[in-house]
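These notes concern the structure reproduced below.
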Amino acid sequence: MGRWVLLFILGVIAVLMVSPLILTVFTSLKPTTELVNPPWYPPISPTFEHYARVWTDGGFSRYFLNTLIISVVDAIVMIFIASLAAYAMVFMEFRGKMILQVLFLIGLMIPVTAIVLPLFQIVRSFGLLNTHLGVIFADLALAVSIFVFMFSSFFMGVPKALHEAARIDGATEFQIYRRVVMPIATPAVVTTALLEFLWSWNDLLLRLLLMTQDEMRTLSVGLLNFQGTMTRDVTGLSSGTVIMAIPVVLLFLFFQRHFVRGMTAGAVK
């Protein structure tokens, strides 16, 4: 009996979590004449005209490409930077190591909104406003502390014997990092890639601040085009939201197992 009660509660929670996305999909597929129906009514005559309008007239083809470029580069570079920093923290001894750890810890405590103005001034001083590179640098700087500690937690579980055996065999630190440690760290790599991609894909504040030209906007900023002061393009907003959600949902479905393993790595230490 208790098992069935638990399943019922979990089912209700799942429905509540999925229902906003389902209602959004319903709205995006409804012709304009069916918008008078309640939002939970499925479309009687589904149409993809709103998706086509958003993709072409709404500029989402350009916004999608900008978002994809920034998010992919963010994820790849973050894996490289955070894993190297974590490797040095765990396996190497050097002067100033404790100070560096404290700086990374401080990086976890500072909210983005507290440093957004100095960040804007720095990006502008380097002439990187309205460029992919400016947003990428800002993303990496703000999130690197989180992933350094994530990789460090995973690297602490790597047997010291593997590292010492490779060093005795004459391998350099970078060879040990590339051939011994990183092949074992697949869950941490996948988790870092997914989280950084997700945060970069959905971020609005930095994109709104650092990209003012329309041709450089991302999907999150592009969605604002469908909302006015007194009016709102409901079908366009719903279609754009679905387009923005599809890549992230697919990534989590394909890499769910690695993501869970990476998030729980080092949890029992």
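Letters for chains follow the order of the structure tokens (A, B, ...), residue numbers begin at 1 for each chain, and ligand numbers begin at 1 in the order shown.
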Exercise for review: Please provide as a VMD selection string all residues within 10 Å of Leu29 (chain A), with the sequence filter that same-chain residues fewer than 5 positions apart are discarded (counting only C-alpha atoms).
Suggested key: chain A and resid 24 34 42 to 51 235 238 to 239
Go through region 136-250 of chain A and flag each residue having an atom no more than 12 Å from region 124-127 of chain A; for those, report the closest pair of atoms plus their distance in Å to one decimal, using only C-alpha atoms, ordered by chain and rising number, as a tab-separated table.
residue	atom	partner	partner_atom	distance
A:Phe137	CA	A:Phe126	CA	11.1
A:Ala138	CA	A:Arg124	CA	11.6
A:Leu209	CA	A:Arg124	CA	10.8
A:Leu210	CA	A:Arg124	CA	8.5
A:Met211	CA	A:Arg124	CA	11.0
Those same residues - N, CA, C and O atoms - I'd like them written as a CSV table (one decimal), in the first residue's frame.
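This is the output file selection24.csv:
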chain,number,residue,atom,x,y,z
A,137,PHE,N,34.0,34.8,-22.7
A,137,PHE,CA,34.9,35.1,-21.6
A,137,PHE,C,34.2,35.4,-20.3
A,137,PHE,O,34.6,34.9,-19.2
A,138,ALA,N,33.1,36.1,-20.3
A,138,ALA,CA,32.3,36.4,-19.1
A,138,ALA,C,31.7,35.1,-18.5
A,138,ALA,O,31.7,34.9,-17.3
A,209,LEU,N,22.9,42.3,-21.7
A,209,LEU,CA,23.8,43.4,-21.4
A,209,LEU,C,25.0,43.6,-22.4
A,209,LEU,O,25.3,44.7,-22.7
A,210,LEU,N,25.5,42.5,-22.8
A,210,LEU,CA,26.7,42.5,-23.7
A,210,LEU,C,26.4,42.4,-25.2
A,210,LEU,O,27.3,42.6,-26.0
A,211,MET,N,25.2,42.1,-25.6
A,211,MET,CA,24.8,42.0,-27.0
A,211,MET,C,23.6,42.9,-27.3
A,211,MET,O,22.5,42.5,-27.0
Exercise for review: Taking the DSSP assignment computed from this structure's backbone, write out as a PyMOL selection string all residues of region 103-222 of chain A that belong to alpha helix (DSSP H).
Suggested key: chain A and resi 103-109+112-125+132-155+160-168+173-176+182-184+186-202+205-210+219-222
Practice item. Do a neighbour search on region 150-163 of chain A at 12 Å with only C-alpha atoms, toss out local chain neighbours closer than 6 positions, and write the hits as a ChimeraX atom specification. Key: /A:78-92,101,104,108,143-144,169-193,195,261-269
Exercise for review: Identify, on the basis of only C-alpha atoms, every residue whose closest approach to Asn66 (chain A) does not exceed 10 Å; exclude the query and any residue fewer than 3 positions from it along the same chain; express the result as a PyMOL selection string.
Suggested key: chain A and resi 60-63+69-71+131-132+201+215-219
Take the selection from the previous step and output its residues with C-alpha atoms, as an mmCIF file, in the first residue's frame.
data_model
loop_
_atom_site.group_PDB
_atom_site.id
_atom_site.type_symbol
_atom_site.label_atom_id
_atom_site.label_comp_id
_atom_site.auth_asym_id
_atom_site.auth_seq_id
_atom_site.Cartn_x
_atom_site.Cartn_y
_atom_site.Cartn_z
ATOM 1 C CA PHE A 60 15.228 32.651 -34.565
ATOM 2 C CA SER A 61 17.411 30.985 -37.185
ATOM 3 C CA ARG A 62 20.101 33.608 -36.484
ATOM 4 C CA TYR A 63 19.478 33.605 -32.728
ATOM 5 C CA ILE A 69 28.113 28.788 -30.983
ATOM 6 C CA ILE A 70 28.409 30.413 -27.554
ATOM 7 C CA SER A 71 27.077 27.399 -25.612
ATOM 8 C CA THR A 131 30.858 39.710 -29.956
ATOM 9 C CA HIS A 132 30.651 36.015 -29.170
ATOM 10 C CA TRP A 201 21.889 28.369 -23.379
ATOM 11 C CA GLU A 215 22.213 40.160 -35.357
ATOM 12 C CA MET A 216 24.190 39.092 -32.263
ATOM 13 C CA ARG A 217 21.236 38.278 -30.004
ATOM 14 C CA THR A 218 20.591 34.838 -28.566
ATOM 15 C CA LEU A 219 17.366 32.858 -28.133
#
**Study point:** Contacts of Leu206 (chain A) within 10 Å, only C-alpha atoms, excl. fewer than 4 positions in-chain, as a list in words
**Key:**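 Returned residues: Val112, Thr113, Val116, Leu119, Phe120, Gly134, Val135, Ile136, Ala138, Asp139, Ser200, Leu210, Met211 and Val221 of chain A.
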Exercise for review: Provide the CA of Val234 (chain A) to CA of Leu68 (chain A) distance in Å, to one decimal place.
Suggested key: 24.5 Å
